[in-house]
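Next up, start-v7.txt (compact mmCIF, C-alpha atoms):
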# COMPACT_ATOMS: atom_id res chain seq x y z
CA MET A 1 19.44 -3.09 -8.12
CA ILE A 2 19.19 0.00 -10.21
CA GLU A 3 19.61 3.52 -8.91
CA VAL A 4 16.87 6.03 -9.66
CA GLY A 5 17.25 9.40 -7.98
CA SER A 6 17.77 8.73 -4.29
CA THR A 7 16.32 5.21 -4.48
CA LEU A 8 17.57 1.75 -5.20
CA VAL A 9 15.02 -0.37 -7.04
CA HIS A 10 15.29 -4.13 -6.71
CA GLU A 11 15.29 -6.00 -10.03
CA ASP A 12 12.13 -7.93 -9.04
CA VAL A 13 10.14 -4.68 -9.16
CA ILE A 14 11.13 -4.43 -12.82
CA SER A 15 11.09 -8.06 -13.91
CA GLU A 16 8.12 -9.61 -12.09
CA ASN A 17 4.51 -9.35 -13.26
CA PHE A 18 1.66 -8.26 -11.02
CA VAL A 19 -1.92 -6.98 -11.32
CA CYS A 20 -4.25 -7.21 -8.32
CA ASN A 21 -7.03 -9.70 -8.93
CA LEU A 22 -9.53 -8.91 -6.20
CA SER A 23 -12.09 -11.34 -7.56
CA LYS A 24 -9.64 -14.14 -6.65
CA CYS A 25 -7.87 -12.94 -3.47
CA LYS A 26 -10.81 -10.93 -2.06
CA GLY A 27 -8.35 -8.31 -0.71
CA ALA A 28 -6.63 -10.73 1.68
CA CYS A 29 -3.68 -8.34 2.14
CA CYS A 30 -5.97 -6.16 4.27
CA LEU A 31 -6.83 -9.14 6.48
CA GLU A 32 -3.61 -11.11 6.85
CA GLY A 33 -0.20 -10.36 8.31
CA ASP A 34 1.52 -9.80 11.60
CA SER A 35 0.46 -6.15 12.09
CA GLY A 36 -1.47 -3.37 10.39
CA ALA A 37 -0.37 -1.38 7.37
CA PRO A 38 2.92 0.49 7.84
CA LEU A 39 2.50 4.23 8.31
CA ALA A 40 4.95 7.07 7.72
CA ALA A 41 5.30 9.59 10.55
CA ASN A 42 3.78 12.32 8.37
CA GLU A 43 0.62 10.20 7.91
CA LEU A 44 -0.29 10.06 11.61
CA ASP A 45 -1.77 13.56 11.81
CA ILE A 46 -3.57 13.02 8.50
CA LEU A 47 -5.31 9.93 9.90
CA LYS A 48 -6.38 11.83 13.03
CA GLU A 49 -7.72 14.70 10.93
CA ILE A 50 -9.69 12.64 8.41
CA TYR A 51 -10.99 9.97 10.78
CA PRO A 52 -14.38 11.69 11.41
CA LYS A 53 -15.02 11.72 7.65
CA VAL A 54 -13.79 8.13 7.14
CA LYS A 55 -15.73 6.72 10.10
CA PRO A 56 -19.08 6.43 8.22
CA TYR A 57 -17.41 4.07 5.72
CA MET A 58 -15.96 1.77 8.39
CA THR A 59 -17.36 -1.37 9.97
CA ALA A 60 -18.66 -1.23 13.54
CA LYS A 61 -15.74 -3.33 14.79
CA GLY A 62 -13.28 -1.07 12.94
CA VAL A 63 -14.78 2.02 14.56
CA ALA A 64 -14.69 0.33 17.99
CA THR A 65 -11.01 -0.49 17.48
CA ILE A 66 -10.13 3.09 16.49
CA GLU A 67 -12.13 4.49 19.41
CA ARG A 68 -10.27 2.16 21.77
CA GLU A 69 -6.73 2.24 20.31
CA GLY A 70 -6.54 5.43 18.24
CA THR A 71 -6.10 6.08 14.53
CA HIS A 72 -2.67 4.41 14.59
CA VAL A 73 -0.66 2.14 16.88
CA THR A 74 2.96 1.15 17.38
CA ASP A 75 3.58 -2.49 16.44
CA PHE A 76 5.85 -5.08 18.06
CA GLU A 77 8.85 -3.74 16.12
CA GLY A 78 8.24 -0.14 17.21
CA ASP A 79 6.83 0.95 13.82
CA TYR A 80 3.65 2.96 13.28
CA THR A 81 0.83 0.93 11.74
CA THR A 82 -2.91 0.98 11.31
CA PRO A 83 -4.72 -0.74 14.19
CA CYS A 84 -6.15 -4.22 13.64
CA VAL A 85 -9.56 -5.28 14.90
CA ASP A 86 -8.29 -8.66 16.03
CA THR A 87 -4.85 -7.70 17.34
CA ASN A 88 -2.83 -8.52 14.22
CA LYS A 89 -5.08 -9.39 11.30
CA GLU A 90 -7.92 -7.33 9.83
CA CYS A 91 -7.08 -3.64 9.41
CA ALA A 92 -9.46 -1.40 11.32
CA TYR A 93 -10.01 0.65 8.15
CA VAL A 94 -11.34 -2.35 6.19
CA THR A 95 -14.81 -2.22 4.77
CA TRP A 96 -16.56 -4.87 2.71
CA GLU A 97 -18.11 -4.72 -0.73
CA ASN A 98 -19.60 -7.88 -2.27
CA GLY A 99 -17.34 -10.10 -0.15
CA ILE A 100 -14.18 -8.18 -1.09
CA THR A 101 -12.25 -5.98 1.32
CA LYS A 102 -11.94 -2.33 0.45
CA CYS A 103 -10.28 0.54 2.25
CA ALA A 104 -12.70 2.84 4.07
CA ILE A 105 -10.20 5.68 3.68
CA GLU A 106 -10.13 5.15 -0.07
CA LYS A 107 -13.93 4.93 -0.19
CA ALA A 108 -14.11 8.35 1.54
CA TRP A 109 -11.53 9.66 -0.96
CA GLU A 110 -13.52 8.29 -3.92
CA ALA A 111 -16.64 10.03 -2.56
CA GLY A 112 -14.73 13.32 -2.28
CA ASP A 113 -15.06 13.43 1.51
CA VAL A 114 -11.27 13.48 2.09
CA ASN A 115 -8.34 14.54 -0.09
CA TRP A 116 -5.97 11.74 0.97
CA ARG A 117 -6.33 8.39 -0.78
CA LYS A 118 -4.84 5.96 1.77
CA PRO A 119 -1.49 5.19 3.42
CA ILE A 120 1.28 5.14 0.84
CA SER A 121 2.36 1.66 1.98
CA CYS A 122 -1.07 0.33 0.98
CA HIS A 123 -1.11 2.21 -2.30
CA LEU A 124 2.38 0.90 -3.19
CA TYR A 125 1.73 -2.72 -2.26
CA PRO A 126 3.37 -5.18 -3.24
CA ILE A 127 6.32 -2.79 -3.21
CA ARG A 128 7.72 -2.32 0.26
CA THR A 129 10.14 0.49 1.00
CA THR A 130 13.07 0.40 3.37
CA ASN A 131 14.01 3.95 4.31
CA TYR A 132 17.56 4.98 5.10
CA PRO A 133 18.64 8.54 5.94
CA GLU A 134 19.96 9.22 2.43
CA PHE A 135 18.03 6.79 0.21
CA ASP A 136 15.12 4.37 -0.06
CA VAL A 137 15.25 0.76 -1.22
CA LEU A 138 12.20 -0.52 -3.09
CA HIS A 139 11.64 -4.24 -3.12
CA TYR A 140 8.89 -6.61 -4.21
CA ASP A 141 7.18 -8.28 -1.27
CA ARG A 142 6.26 -11.81 -2.36
CA TRP A 143 3.31 -13.27 -0.52
CA ASN A 144 1.42 -16.44 -1.39
CA ILE A 145 -1.95 -14.70 -1.06
CA CYS A 146 -0.95 -12.61 -4.08
CA SER A 147 -0.37 -15.55 -6.42
CA PRO A 148 -3.58 -14.67 -8.37
CA ALA A 149 -2.10 -11.20 -8.95
CA CYS A 150 1.14 -12.72 -10.24
CA SER A 151 -0.77 -14.96 -12.66
CA PHE A 152 -3.01 -12.10 -13.79
CA GLY A 153 0.00 -9.81 -14.27
CA SER A 154 1.72 -12.49 -16.35
CA GLU A 155 -1.41 -12.96 -18.43
CA LEU A 156 -1.64 -9.19 -19.06
CA LYS A 157 2.17 -8.75 -19.30
CA VAL A 158 2.19 -5.96 -16.71
CA ARG A 159 5.23 -5.61 -14.48
CA VAL A 160 5.11 -4.55 -10.83
CA PHE A 161 6.43 -1.04 -11.48
CA GLU A 162 3.96 -0.55 -14.35
CA PHE A 163 1.01 -1.68 -12.25
CA LEU A 164 2.11 0.72 -9.50
CA LYS A 165 2.83 3.74 -11.72
CA GLU A 166 0.29 5.99 -9.97
CA PRO A 167 1.46 5.36 -6.38
CA LEU A 168 5.12 5.51 -7.43
CA ILE A 169 4.48 8.94 -8.95
CA ARG A 170 2.55 9.91 -5.81
CA LYS A 171 5.56 8.96 -3.67
CA TYR A 172 8.53 9.97 -5.84
CA GLY A 173 7.16 12.23 -8.61
CA ALA A 174 6.65 12.04 -12.36
CA GLU A 175 10.28 12.86 -13.18
CA TRP A 176 11.47 10.00 -10.96
CA TYR A 177 9.07 7.59 -12.68
CA GLN A 178 10.24 8.72 -16.11
CA GLU A 179 13.84 8.13 -15.00
CA LEU A 180 12.83 4.63 -13.86
CA GLU A 181 11.22 3.92 -17.24
CA GLU A 182 14.33 5.14 -19.04
CA ALA A 183 16.57 2.99 -16.85
CA VAL A 184 14.41 -0.05 -17.53
CA ALA A 185 14.39 0.63 -21.28
CA SER A 186 18.19 0.78 -21.32
CA MET A 187 18.60 -2.57 -19.55
Structure rendered as structure tokens:
Amino acid sequence: MIEVGSTLVHEDVISENFVCNLSKCKGACCLEGDSGAPLAANELDILKEIYPKVKPYMTAKGVATIEREGTHVTDFEGDYTTPCVDTNKECAYVTWENGITKCAIEKAWEAGDVNWRKPISCHLYPIRTTNYPEFDVLHYDRWNICSPACSFGSELKVRVFEFLKEPLIRKYGAEWYQELEEAVASM
């Protein structure tokens, strides 16, 4: 691992290639898993506030789930997550476009209806963050549904941290990202 600011970055984030290939995976990460997308505590009020503006972009079953369960839930491990329409699969905020899943929150953001793009865990994927009181650990979450993204990243020669530059800057800042780039260059 390399230390960047108050984070430890796993070598896989630097060495592995990755570029989402939605034409191949169809956005399966929004449909598969054992719970919804992880949420930070500071995102819960944001979801409640923006929900009325996101709702028009959602599917009927997504809206029904939110109306029944709320804008977030607590999963089996006690963590905050987005609700799922079928208990533990499809995120309630999923919408569909030409057979590919999209995020209704992000669609509202793209339209200028909200000023929050989507949960940071979604924006950072396939990086997952483990938070400790004094530092974060960033690691690459390998998942077979993302094998098209690994192949596409290899083809384009784009590493995980390069693909996720924008969300990493959103989470940790431009200076942190520059420090990461410098650390990688000196390896």
Open item on the list: Neighbouring residues of Trp109 of chain A were defined as those with any atom within 12 Å, considering all atoms listed in the file; residues of the same chain fewer than 3 positions away were excluded. Please report them as a ChimeraX atom specification.
Closed with: /A:50-51,53-54,57,103-106,112-119
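Here atom CA of Thr82 of chain A stands at a distance of 25.9 Å from atom CA of Cys150 of chain A.
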- [ ] Tell me, as an MDAnalysis selection string, which residues lie within 12 Å of Ala37 of chain A, counting all atoms listed in the file; anything in the same chain fewer than 5 positions away does not count.
- [x] chainID A and resid 29:32 43 71:75 79:84 88:94 103 118:126 128
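Taking atom CA of Gly173 of chain A and atom CA of Ile145 of chain A as endpoints, the distance between them is 29.4 Å.
Residue nearest Ile2 of chain A within the list A:Ile14, A:Asn42, A:Asp141, A:Thr130: A:Ile14 [criterion: smallest interatomic distance, only C-alpha atoms].
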